[in-house]
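Enquirer: Sharing a structure, written as structure tokens. Questions coming.
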Amino acid sequence: MIITIIEAQVPSNRWFDLEIAYKDKIKHIPPQLRETFLIQDNKDRKVWRIISIWHSMSEYEEAVKSMLEDTCMQIFREVDVQPTRRIFDVPAHHIRV
């Protein structure tokens with residue numbers, strides 16, 4: 001499993017537009033993507049992230065070829081900000097059931 005985090009500083013007058021763009025573009029997530037979240041920092045409200053959880057690096061790379069990850073980057077670009085992307089390996093995790 002891997003996690004990608006795309007982050008940008010979004011001016012307050014574009015927050016609603018960002019939420020709409022995310023909801024519109026993430027209507028049909030591919031099978032490679034387990035979960036995705038649009039989050040806003042609690043203290044620095046201008047900091048927004050899209051966190052995506054992928055089944056594996058190979059499935060992430062497959063999605064990149066189909067432009068899904070670029071879609072997530074585009075969500076931020078639609079509100080006129082330039083995001084950064086980080087990729088994290090997940091060596092362990094726990095889910096409460």
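Each chain in the structure tokens gets a letter, A, B and so on, in the order shown; residues start at 1 in every chain, and ligands are counted from 1 in the order they appear.
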Determine, counting only C-alpha atoms, which protein, DNA and RNA residues have an atom within 12 Å of an atom of Arg77 (chain A); residues of the same chain fewer than 4 positions away are not included. Present the result as a list in words.

Expert: Ile6, Glu7, Ala8, Gln9, Val10, Arg14, Asp17, Leu18, Ala21, Tyr22, Asp70, Thr71, Cys72, Met73, Val81, Gln82, Pro83 and Thr84 of chain A

Enquirer: Keeping only N, CA and C atoms, take the residues you just selected and write them out as a compact mmCIF listing (two decimals), in the first residue's frame.

Expert:
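Result written to selection.txt:
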```txt
# COMPACT_ATOMS: atom_id res chain seq x y z
N ILE A 6 -1.16 15.32 -1.96
CA ILE A 6 -1.02 16.50 -2.82
C ILE A 6 -1.46 17.68 -1.98
N GLU A 7 -0.61 18.70 -1.93
CA GLU A 7 -0.86 19.82 -1.01
C GLU A 7 -0.69 21.14 -1.72
N ALA A 8 -1.49 22.12 -1.28
CA ALA A 8 -1.35 23.49 -1.78
C ALA A 8 -1.95 24.47 -0.78
N GLN A 9 -1.50 25.70 -0.87
CA GLN A 9 -2.09 26.79 -0.10
C GLN A 9 -3.15 27.43 -1.00
N VAL A 10 -4.38 27.43 -0.50
CA VAL A 10 -5.52 27.90 -1.29
C VAL A 10 -6.10 29.15 -0.63
N ARG A 14 -11.28 30.80 -2.68
CA ARG A 14 -11.33 29.66 -3.61
C ARG A 14 -11.65 28.34 -2.93
N ASP A 17 -14.73 26.61 -4.38
CA ASP A 17 -14.41 26.13 -5.72
C ASP A 17 -13.58 24.85 -5.67
N LEU A 18 -12.66 24.78 -4.71
CA LEU A 18 -11.83 23.58 -4.56
C LEU A 18 -12.70 22.38 -4.18
N ALA A 21 -14.65 21.28 -7.23
CA ALA A 21 -13.78 20.62 -8.20
C ALA A 21 -13.45 19.20 -7.75
N TYR A 22 -13.15 19.03 -6.46
CA TYR A 22 -12.85 17.69 -5.93
C TYR A 22 -14.06 16.78 -6.09
N ASP A 70 -2.83 12.97 -12.20
CA ASP A 70 -2.82 14.31 -12.77
C ASP A 70 -4.17 14.99 -12.56
N THR A 71 -5.24 14.20 -12.51
CA THR A 71 -6.55 14.76 -12.21
C THR A 71 -6.55 15.40 -10.83
N CYS A 72 -5.94 14.74 -9.86
CA CYS A 72 -5.87 15.30 -8.51
C CYS A 72 -5.04 16.58 -8.49
N MET A 73 -3.96 16.60 -9.23
CA MET A 73 -3.17 17.83 -9.33
C MET A 73 -3.99 18.93 -10.00
N VAL A 81 -3.79 27.46 -8.02
CA VAL A 81 -2.64 27.23 -7.14
C VAL A 81 -1.83 26.06 -7.68
N GLN A 82 -0.54 26.06 -7.36
CA GLN A 82 0.35 25.00 -7.81
C GLN A 82 0.61 24.03 -6.65
N PRO A 83 0.13 22.80 -6.76
CA PRO A 83 0.31 21.84 -5.66
C PRO A 83 1.66 21.13 -5.71
N THR A 84 2.00 20.51 -4.59
CA THR A 84 3.16 19.62 -4.53
C THR A 84 2.63 18.21 -4.25
```

Enquirer: What's around region 85-95 of chain A at 8 Å? Count only C-alpha atoms, leave out sequence neighbours fewer than 5 positions away in its own chain, and write the answer as a list in words.

Expert: Met1, Ile2, Ile3, Thr4, Ile5, Ile6 and Glu7 of chain A

Enquirer: Running DSSP on the backbone, which parts of chain A land in helix (DSSP H, G or I), as a PyMOL selection string?

Expert: chain A and resi 12-25+57-65+68-77

Enquirer: Any chance you could export the current selection's N, CA and C atoms as a compact mmCIF listing (two decimals), in the first residue's frame?

Expert:
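Saved to again-v6.txt:
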```txt
# COMPACT_ATOMS: atom_id res chain seq x y z
N SER A 12 -8.73 31.82 0.67
CA SER A 12 -10.06 31.54 1.22
C SER A 12 -11.19 31.77 0.21
N ASN A 13 -11.00 32.68 -0.70
CA ASN A 13 -12.05 32.93 -1.69
C ASN A 13 -12.18 31.81 -2.72
N ARG A 14 -11.28 30.80 -2.68
CA ARG A 14 -11.33 29.66 -3.61
C ARG A 14 -11.65 28.34 -2.93
N TRP A 15 -11.89 28.35 -1.62
CA TRP A 15 -12.16 27.10 -0.90
C TRP A 15 -13.38 26.37 -1.44
N PHE A 16 -14.46 27.09 -1.63
CA PHE A 16 -15.68 26.46 -2.14
C PHE A 16 -15.44 25.87 -3.53
N ASP A 17 -14.73 26.61 -4.38
CA ASP A 17 -14.41 26.13 -5.72
C ASP A 17 -13.58 24.85 -5.67
N LEU A 18 -12.66 24.78 -4.71
CA LEU A 18 -11.83 23.58 -4.56
C LEU A 18 -12.70 22.38 -4.18
N GLU A 19 -13.59 22.57 -3.24
CA GLU A 19 -14.48 21.49 -2.82
C GLU A 19 -15.34 21.00 -3.99
N ILE A 20 -15.86 21.92 -4.76
CA ILE A 20 -16.69 21.56 -5.92
C ILE A 20 -15.86 20.79 -6.95
N ALA A 21 -14.65 21.28 -7.23
CA ALA A 21 -13.78 20.62 -8.20
C ALA A 21 -13.45 19.20 -7.75
N TYR A 22 -13.15 19.03 -6.46
CA TYR A 22 -12.85 17.69 -5.93
C TYR A 22 -14.06 16.78 -6.09
N LYS A 23 -15.22 17.22 -5.64
CA LYS A 23 -16.42 16.39 -5.72
C LYS A 23 -16.76 16.03 -7.17
N ASP A 24 -16.52 16.95 -8.07
CA ASP A 24 -16.82 16.70 -9.48
C ASP A 24 -15.85 15.69 -10.10
N LYS A 25 -14.56 15.86 -9.82
CA LYS A 25 -13.54 15.03 -10.47
C LYS A 25 -13.40 13.63 -9.84
N MET A 57 2.16 0.17 -5.30
CA MET A 57 2.91 1.09 -6.15
C MET A 57 2.61 0.80 -7.62
N SER A 58 2.52 -0.46 -7.98
CA SER A 58 2.26 -0.78 -9.38
C SER A 58 0.87 -0.30 -9.81
N GLU A 59 -0.11 -0.41 -8.93
CA GLU A 59 -1.44 0.08 -9.26
C GLU A 59 -1.48 1.61 -9.30
N TYR A 60 -0.71 2.25 -8.44
CA TYR A 60 -0.58 3.70 -8.50
C TYR A 60 0.01 4.11 -9.85
N GLU A 61 1.08 3.44 -10.24
CA GLU A 61 1.72 3.77 -11.52
C GLU A 61 0.78 3.54 -12.69
N GLU A 62 -0.04 2.51 -12.60
CA GLU A 62 -1.05 2.25 -13.63
C GLU A 62 -2.04 3.41 -13.71
N ALA A 63 -2.46 3.91 -12.56
CA ALA A 63 -3.39 5.03 -12.52
C ALA A 63 -2.75 6.30 -13.07
N VAL A 64 -1.48 6.50 -12.78
CA VAL A 64 -0.77 7.67 -13.29
C VAL A 64 -0.79 7.65 -14.82
N LYS A 65 -0.59 6.47 -15.39
CA LYS A 65 -0.63 6.34 -16.85
C LYS A 65 -2.00 6.72 -17.40
N LEU A 68 -5.10 9.66 -13.68
CA LEU A 68 -5.87 9.94 -12.46
C LEU A 68 -5.09 10.87 -11.53
N GLU A 69 -3.83 10.58 -11.30
CA GLU A 69 -3.07 11.41 -10.37
C GLU A 69 -2.97 12.83 -10.90
N ASP A 70 -2.83 12.97 -12.20
CA ASP A 70 -2.82 14.31 -12.77
C ASP A 70 -4.17 14.99 -12.56
N THR A 71 -5.24 14.20 -12.51
CA THR A 71 -6.55 14.76 -12.21
C THR A 71 -6.55 15.40 -10.83
N CYS A 72 -5.94 14.74 -9.86
CA CYS A 72 -5.87 15.30 -8.51
C CYS A 72 -5.04 16.58 -8.49
N MET A 73 -3.96 16.60 -9.23
CA MET A 73 -3.17 17.83 -9.33
C MET A 73 -3.99 18.93 -10.00
N GLN A 74 -4.76 18.55 -11.02
CA GLN A 74 -5.58 19.51 -11.75
C GLN A 74 -6.64 20.15 -10.87
N ILE A 75 -7.13 19.42 -9.89
CA ILE A 75 -8.14 19.98 -8.98
C ILE A 75 -7.62 21.26 -8.35
N PHE A 76 -6.37 21.23 -7.90
CA PHE A 76 -5.77 22.43 -7.32
C PHE A 76 -5.49 23.50 -8.38
N ARG A 77 -5.04 23.05 -9.53
CA ARG A 77 -4.74 24.03 -10.59
C ARG A 77 -5.99 24.77 -11.03
```

Enquirer: Leaving out Thr36 (chain A) and any residue of its chain fewer than 2 positions from it, which residues lie within 10 Å of it when counting only C-alpha atoms, given as a JSON list (two decimals) with C-alpha atoms, in the first residue's frame?

Expert:
```
[["chain", "number", "residue", "atom", "x", "y", "z"],
["A", 3, "ILE", "CA", -0.30, 6.99, 0.14],
["A", 4, "THR", "CA", 0.00, 10.07, -2.02],
["A", 5, "ILE", "CA", -0.43, 13.53, -0.56],
["A", 26, "ILE", "CA", -13.65, 12.18, -7.91],
["A", 29, "ILE", "CA", -12.61, 6.48, -8.66],
["A", 33, "LEU", "CA", -7.59, 3.68, -5.50],
["A", 34, "ARG", "CA", -8.77, 2.46, -2.11],
["A", 38, "LEU", "CA", -9.90, 16.26, 0.66],
["A", 39, "ILE", "CA", -8.69, 17.75, 3.93],
["A", 50, "ILE", "CA", -5.79, 15.44, -1.19],
["A", 51, "ILE", "CA", -4.76, 12.19, 0.45],
["A", 52, "SER", "CA", -5.12, 9.05, -1.64],
["A", 53, "ILE", "CA", -4.61, 5.49, -0.49],
["A", 54, "TRP", "CA", -3.55, 3.06, -3.21],
["A", 72, "CYS", "CA", -5.87, 15.30, -8.51]]
```

Enquirer: Quick one: distance from CA of His55 (chain A) to CA of Val79 (chain A) in Å, one decimal?

Expert: 28.8 Å

Enquirer: Taking the DSSP secondary structure from the backbone, can you list the residues of chain A that are strand (DSSP E), as a VMD selection string?

Expert: chain A and resid 2 to 9 33 to 40 47 to 54 84 to 89

Enquirer: Expressed in Å to a single decimal, how great is the separation between CA of Gln32 (chain A) and CA of Ser66 (chain A)?

Expert: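 Between CA of Gln32 (chain A) and CA of Ser66 (chain A) the gap works out to 11.0 Å.
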